[in-house]
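Participant: There's a structure below that I have some questions on.
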Amino acid sequence: MPTTWPAPTAGEPGPWAVGSGWAVGTFGELLQGVLPDDRHFLVTLPITTGSTATFRYADDAAGITVEAARKRKSARVAALALEALGRPGGGELLLASELPEGKGLASSSADLVASVRAVADAFGTSFPTTAVEAMLREVEPSDGVMHDEIVAFLHREVRLHSRLGHLPGLVIVGYDEGGQVDTVTYNRRPAPVDAETRSEYAALLDRLAAAVADGDLRTVGGVATRSAELHARTRPRAALAPLVTACDEADGLGVVVAHSGTVLGVLLAGDDPELDRKISHIQARCARLGGPSTIYHYAPGLAARRDAIEGNGDVL
């Protein structure tokens, strides 16, 4: 519930209100490419780390302030959310993120979605995902992290393509090649894809949708690896071949990459009885490459996360 001062009357917040919002990141993409109709798409892999936003509303404020200049896009989308609610004034937006920037973990999208949710929460309401998409569409290309499941998303259009659903527990042993990639700049670059490859992307999307529906982690991993290989034709990744080898050695599920980022990861089943051994093996291989490795966890739906918080289940 939002905190308000002074006490609201007739169920309405007063001239001051505070709301909070949360959004998860995504570890790169299970699949990213171009469909036969030339639409660019990606398939999300939600992770349990993300961004938190706090919005302090003041009806007499001249606009929305944010603590860092690089977060001005979040302030802009918060203003759009306030306008959509028909509220005058502005306020202060505070952001805290567990996601490093420029790595392909959807840090910017998570900030934006969390900001919209914080503004709505200040008034005891929420926006449907289509409204969130419309707001982000006015700011920048975006991943589909406003959706509480794995989705195929038209990131350049900021529109949902299709819902794929949820998977059993997954662990990602992530490796960072270093540096940063500006996603907006990256998406502006022309990247011609021939008709044969576009047809393969469509077939991969169909295969992935069926695999998610069936909870078939092996096929999910195979599609992710193939997507990484196709992408490497135009953007070679030095760590890809070594990680594919490490995945094979550990009997992992596949390799997932941030197509417009710097991270790659090996997918493992969360209930694998040899999970700890496999993680250690892959981390050792990452150490040989000279960069850091980090463990990430797939984020199930909100209901599953809520059960875990309330003690009704386990979330990896």
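Just remember, in the structure tokens the first chain shown is A, the second B, etc., residues are 1-based per chain, and ligands are 1-based in the order shown.
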Please provide the set of residues having any atom within 10 Å of A:Arg235, restricted to only C-alpha atoms, with same-chain residues fewer than 5 positions apart removed, written as a PyMOL selection string.
Facilitator: chain A and resi 228-230+259-260
Participant: Once you have the residues from the selection above, write them out as a PDB file, in the first residue's frame, restricted to all heavy atoms.
Facilitator:
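Listed below is the output, selection.pdb:
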```pdb
ATOM      1  N   ALA A 228      22.819 -18.146 -30.446  1.00  0.00           N
ATOM      2  CA  ALA A 228      24.139 -17.564 -30.208  1.00  0.00           C
ATOM      3  C   ALA A 228      25.049 -17.779 -31.406  1.00  0.00           C
ATOM      4  O   ALA A 228      25.804 -16.876 -31.812  1.00  0.00           O
ATOM      5  CB  ALA A 228      24.748 -18.176 -28.952  1.00  0.00           C
ATOM      6  N   GLU A 229      24.995 -18.964 -31.991  1.00  0.00           N
ATOM      7  CA  GLU A 229      25.835 -19.268 -33.150  1.00  0.00           C
ATOM      8  C   GLU A 229      25.452 -18.416 -34.357  1.00  0.00           C
ATOM      9  O   GLU A 229      26.329 -17.913 -35.078  1.00  0.00           O
ATOM     10  CB  GLU A 229      25.721 -20.751 -33.485  1.00  0.00           C
ATOM     11  CG  GLU A 229      26.325 -21.669 -32.429  1.00  0.00           C
ATOM     12  CD  GLU A 229      25.971 -23.129 -32.637  1.00  0.00           C
ATOM     13  OE1 GLU A 229      25.019 -23.421 -33.412  1.00  0.00           O
ATOM     14  OE2 GLU A 229      26.633 -23.984 -32.026  1.00  0.00           O
ATOM     15  N   LEU A 230      24.162 -18.258 -34.590  1.00  0.00           N
ATOM     16  CA  LEU A 230      23.725 -17.435 -35.715  1.00  0.00           C
ATOM     17  C   LEU A 230      24.152 -15.985 -35.532  1.00  0.00           C
ATOM     18  O   LEU A 230      24.598 -15.320 -36.483  1.00  0.00           O
ATOM     19  CB  LEU A 230      22.197 -17.513 -35.856  1.00  0.00           C
ATOM     20  CG  LEU A 230      21.622 -18.832 -36.379  1.00  0.00           C
ATOM     21  CD1 LEU A 230      20.103 -18.822 -36.279  1.00  0.00           C
ATOM     22  CD2 LEU A 230      22.056 -19.076 -37.825  1.00  0.00           C
ATOM     23  N   HIS A 259      22.693 -10.738 -26.882  1.00  0.00           N
ATOM     24  CA  HIS A 259      23.020 -10.441 -28.281  1.00  0.00           C
ATOM     25  C   HIS A 259      23.511  -9.005 -28.443  1.00  0.00           C
ATOM     26  O   HIS A 259      24.329  -8.724 -29.316  1.00  0.00           O
ATOM     27  CB  HIS A 259      21.803 -10.703 -29.159  1.00  0.00           C
ATOM     28  CG  HIS A 259      21.411 -12.152 -29.219  1.00  0.00           C
ATOM     29  ND1 HIS A 259      20.853 -12.819 -28.150  1.00  0.00           N
ATOM     30  CD2 HIS A 259      21.497 -13.063 -30.226  1.00  0.00           C
ATOM     31  CE1 HIS A 259      20.610 -14.086 -28.496  1.00  0.00           C
ATOM     32  NE2 HIS A 259      20.991 -14.253 -29.749  1.00  0.00           N
ATOM     33  N   SER A 260      23.015  -8.091 -27.625  1.00  0.00           N
ATOM     34  CA  SER A 260      23.487  -6.707 -27.674  1.00  0.00           C
ATOM     35  C   SER A 260      24.117  -6.335 -26.334  1.00  0.00           C
ATOM     36  O   SER A 260      23.912  -5.233 -25.815  1.00  0.00           O
ATOM     37  CB  SER A 260      22.331  -5.755 -28.002  1.00  0.00           C
ATOM     38  OG  SER A 260      21.283  -5.887 -27.057  1.00  0.00           O
TER      39      SER A 260
END
```
Participant: Residues near stretch 125-137 of chain A, anyone? I mean within 8 Å using only C-alpha atoms, not counting same-chain ones fewer than 6 positions away, as a VMD selection string.
Facilitator: chain A and resid 77 80 to 81 112 to 113 116 to 117 146 to 147 157 to 159
Participant: What are the nearest atom pairs, with distances in Å to one decimal, for all residues of stretch 280-301 of chain A that come at most 10 Å from stretch 40-55 of chain A, using only C-alpha atoms, set out by chain and rising residue number as a tab-separated table?
Facilitator:
```
residue	atom	partner	partner_atom	distance
A:Tyr296	CA	A:Ile47	CA	6.6
A:His297	CA	A:Ile47	CA	5.4
A:Tyr298	CA	A:Ile47	CA	4.4
A:Ala299	CA	A:Ile47	CA	4.5
A:Pro300	CA	A:Pro46	CA	7.6
A:Gly301	CA	A:Pro46	CA	9.1
```
Participant: What gap, in Å, lies between atom CA of A:Glu98 and atom CA of A:Ala110?
Facilitator: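 A separation of 10.1 Å between them.
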Participant: Pull the closest atom pair for each residue of stretch 135-254 of chain A that gets at most 6 Å from stretch 263-268 of chain A, along with the distance in Å to one decimal, counting only C-alpha atoms, ordering rows by chain and then ascending residue number, as a tab-separated table.
Facilitator:
```
residue	atom	partner	partner_atom	distance
A:Leu170	CA	A:Leu268	CA	5.8
A:Val171	CA	A:Leu268	CA	5.1
A:Ile172	CA	A:Leu267	CA	4.8
A:Val173	CA	A:Gly265	CA	5.2
A:Gly174	CA	A:Gly265	CA	4.0
A:Tyr175	CA	A:Leu264	CA	5.3
A:Asp176	CA	A:Val263	CA	4.4
A:Gly252	CA	A:Leu268	CA	5.3
A:Leu253	CA	A:Leu267	CA	5.3
A:Gly254	CA	A:Leu267	CA	5.4
```
Participant: Per DSSP on the backbone, filter stretch 39-132 of chain A down to the residues in alpha helix (DSSP H) and report them as a PyMOL selection string.
Facilitator: chain A and resi 72-84+107-122+129-132
Participant: Please run DSSP on the backbone and report, as a PDB file with N, CA, C and O atoms, in the first residue's frame, all residues within stretch 116-245 of chain A that come out as strand (DSSP E).
Facilitator:
```pdb
ATOM      1  N   ILE A 150       8.118 -15.728 -19.729  1.00  0.00           N
ATOM      2  CA  ILE A 150       8.963 -15.700 -20.914  1.00  0.00           C
ATOM      3  C   ILE A 150       8.092 -15.282 -22.100  1.00  0.00           C
ATOM      4  O   ILE A 150       7.020 -15.851 -22.329  1.00  0.00           O
ATOM      5  N   VAL A 151       8.552 -14.278 -22.834  1.00  0.00           N
ATOM      6  CA  VAL A 151       7.769 -13.786 -23.970  1.00  0.00           C
ATOM      7  C   VAL A 151       8.667 -13.594 -25.179  1.00  0.00           C
ATOM      8  O   VAL A 151       9.875 -13.372 -25.060  1.00  0.00           O
ATOM      9  N   ALA A 152       8.049 -13.688 -26.353  1.00  0.00           N
ATOM     10  CA  ALA A 152       8.684 -13.213 -27.579  1.00  0.00           C
ATOM     11  C   ALA A 152       8.259 -11.759 -27.719  1.00  0.00           C
ATOM     12  O   ALA A 152       7.064 -11.436 -27.659  1.00  0.00           O
ATOM     13  N   PHE A 153       9.243 -10.885 -27.872  1.00  0.00           N
ATOM     14  CA  PHE A 153       8.975  -9.452 -27.800  1.00  0.00           C
ATOM     15  C   PHE A 153       9.586  -8.739 -28.988  1.00  0.00           C
ATOM     16  O   PHE A 153      10.735  -9.019 -29.373  1.00  0.00           O
ATOM     17  N   LEU A 154       8.821  -7.827 -29.579  1.00  0.00           N
ATOM     18  CA  LEU A 154       9.311  -7.005 -30.690  1.00  0.00           C
ATOM     19  C   LEU A 154       9.986  -5.781 -30.077  1.00  0.00           C
ATOM     20  O   LEU A 154       9.361  -4.753 -29.854  1.00  0.00           O
ATOM     21  N   ARG A 159       6.564  -3.964 -28.454  1.00  0.00           N
ATOM     22  CA  ARG A 159       5.261  -4.605 -28.500  1.00  0.00           C
ATOM     23  C   ARG A 159       5.418  -6.105 -28.263  1.00  0.00           C
ATOM     24  O   ARG A 159       6.394  -6.721 -28.713  1.00  0.00           O
ATOM     25  N   LEU A 160       4.453  -6.673 -27.581  1.00  0.00           N
ATOM     26  CA  LEU A 160       4.442  -8.118 -27.356  1.00  0.00           C
ATOM     27  C   LEU A 160       4.183  -8.845 -28.669  1.00  0.00           C
ATOM     28  O   LEU A 160       3.287  -8.483 -29.425  1.00  0.00           O
ATOM     29  N   HIS A 161       4.967  -9.872 -28.923  1.00  0.00           N
ATOM     30  CA  HIS A 161       4.691 -10.757 -30.056  1.00  0.00           C
ATOM     31  C   HIS A 161       3.836 -11.930 -29.600  1.00  0.00           C
ATOM     32  O   HIS A 161       2.756 -12.179 -30.135  1.00  0.00           O
ATOM     33  N   SER A 162       4.309 -12.646 -28.567  1.00  0.00           N
ATOM     34  CA  SER A 162       3.554 -13.788 -28.058  1.00  0.00           C
ATOM     35  C   SER A 162       4.067 -14.173 -26.681  1.00  0.00           C
ATOM     36  O   SER A 162       5.228 -13.929 -26.340  1.00  0.00           O
ATOM     37  N   ARG A 163       3.193 -14.781 -25.908  1.00  0.00           N
ATOM     38  CA  ARG A 163       3.549 -15.280 -24.576  1.00  0.00           C
ATOM     39  C   ARG A 163       3.951 -16.740 -24.693  1.00  0.00           C
ATOM     40  O   ARG A 163       3.234 -17.535 -25.294  1.00  0.00           O
ATOM     41  N   LEU A 164       5.084 -17.079 -24.073  1.00  0.00           N
ATOM     42  CA  LEU A 164       5.537 -18.463 -24.139  1.00  0.00           C
ATOM     43  C   LEU A 164       5.234 -19.226 -22.858  1.00  0.00           C
ATOM     44  O   LEU A 164       4.991 -20.424 -22.897  1.00  0.00           O
ATOM     45  N   GLY A 165       5.292 -18.537 -21.702  1.00  0.00           N
ATOM     46  CA  GLY A 165       4.956 -19.195 -20.440  1.00  0.00           C
ATOM     47  C   GLY A 165       6.143 -19.251 -19.493  1.00  0.00           C
ATOM     48  O   GLY A 165       7.065 -18.446 -19.558  1.00  0.00           O
ATOM     49  N   LEU A 170      15.957 -22.790 -13.456  1.00  0.00           N
ATOM     50  CA  LEU A 170      17.175 -22.723 -14.261  1.00  0.00           C
ATOM     51  C   LEU A 170      18.243 -21.946 -13.504  1.00  0.00           C
ATOM     52  O   LEU A 170      17.937 -20.965 -12.812  1.00  0.00           O
ATOM     53  N   VAL A 171      19.471 -22.362 -13.663  1.00  0.00           N
ATOM     54  CA  VAL A 171      20.622 -21.623 -13.151  1.00  0.00           C
ATOM     55  C   VAL A 171      21.482 -21.238 -14.339  1.00  0.00           C
ATOM     56  O   VAL A 171      21.674 -22.040 -15.266  1.00  0.00           O
ATOM     57  N   ILE A 172      21.985 -20.015 -14.334  1.00  0.00           N
ATOM     58  CA  ILE A 172      22.849 -19.542 -15.409  1.00  0.00           C
ATOM     59  C   ILE A 172      24.209 -19.208 -14.819  1.00  0.00           C
ATOM     60  O   ILE A 172      24.309 -18.378 -13.899  1.00  0.00           O
ATOM     61  N   VAL A 173      25.249 -19.862 -15.305  1.00  0.00           N
ATOM     62  CA  VAL A 173      26.613 -19.487 -14.938  1.00  0.00           C
ATOM     63  C   VAL A 173      27.054 -18.449 -15.953  1.00  0.00           C
ATOM     64  O   VAL A 173      27.369 -18.771 -17.103  1.00  0.00           O
ATOM     65  N   GLY A 174      27.041 -17.195 -15.547  1.00  0.00           N
ATOM     66  CA  GLY A 174      27.303 -16.107 -16.471  1.00  0.00           C
ATOM     67  C   GLY A 174      28.763 -15.729 -16.542  1.00  0.00           C
ATOM     68  O   GLY A 174      29.493 -15.778 -15.541  1.00  0.00           O
ATOM     69  N   TYR A 175      29.194 -15.345 -17.735  1.00  0.00           N
ATOM     70  CA  TYR A 175      30.571 -14.888 -17.967  1.00  0.00           C
ATOM     71  C   TYR A 175      30.517 -13.544 -18.686  1.00  0.00           C
ATOM     72  O   TYR A 175      29.748 -13.371 -19.640  1.00  0.00           O
ATOM     73  N   ASP A 176      31.323 -12.595 -18.234  1.00  0.00           N
ATOM     74  CA  ASP A 176      31.327 -11.253 -18.806  1.00  0.00           C
ATOM     75  C   ASP A 176      32.604 -11.034 -19.617  1.00  0.00           C
ATOM     76  O   ASP A 176      33.710 -11.119 -19.081  1.00  0.00           O
TER      77      ASP A 176
END
```
Participant: Quick one: distance from atom CA of A:Thr65 to atom CA of A:Asp143 in Å, one decimal?
Facilitator: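 One can read the atom CA of A:Thr65 to atom CA of A:Asp143 distance as 24.5 Å.
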Participant: With only C-alpha atoms as the atoms that count, which of A:Ser227, A:Ser280, A:Ser74, A:Thr26 lies nearest to A:Ala203?
Facilitator: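 Checking each of A:Ser227, A:Ser280, A:Ser74, A:Thr26 against A:Ala203, counting only C-alpha atoms, the winner is A:Ser227.
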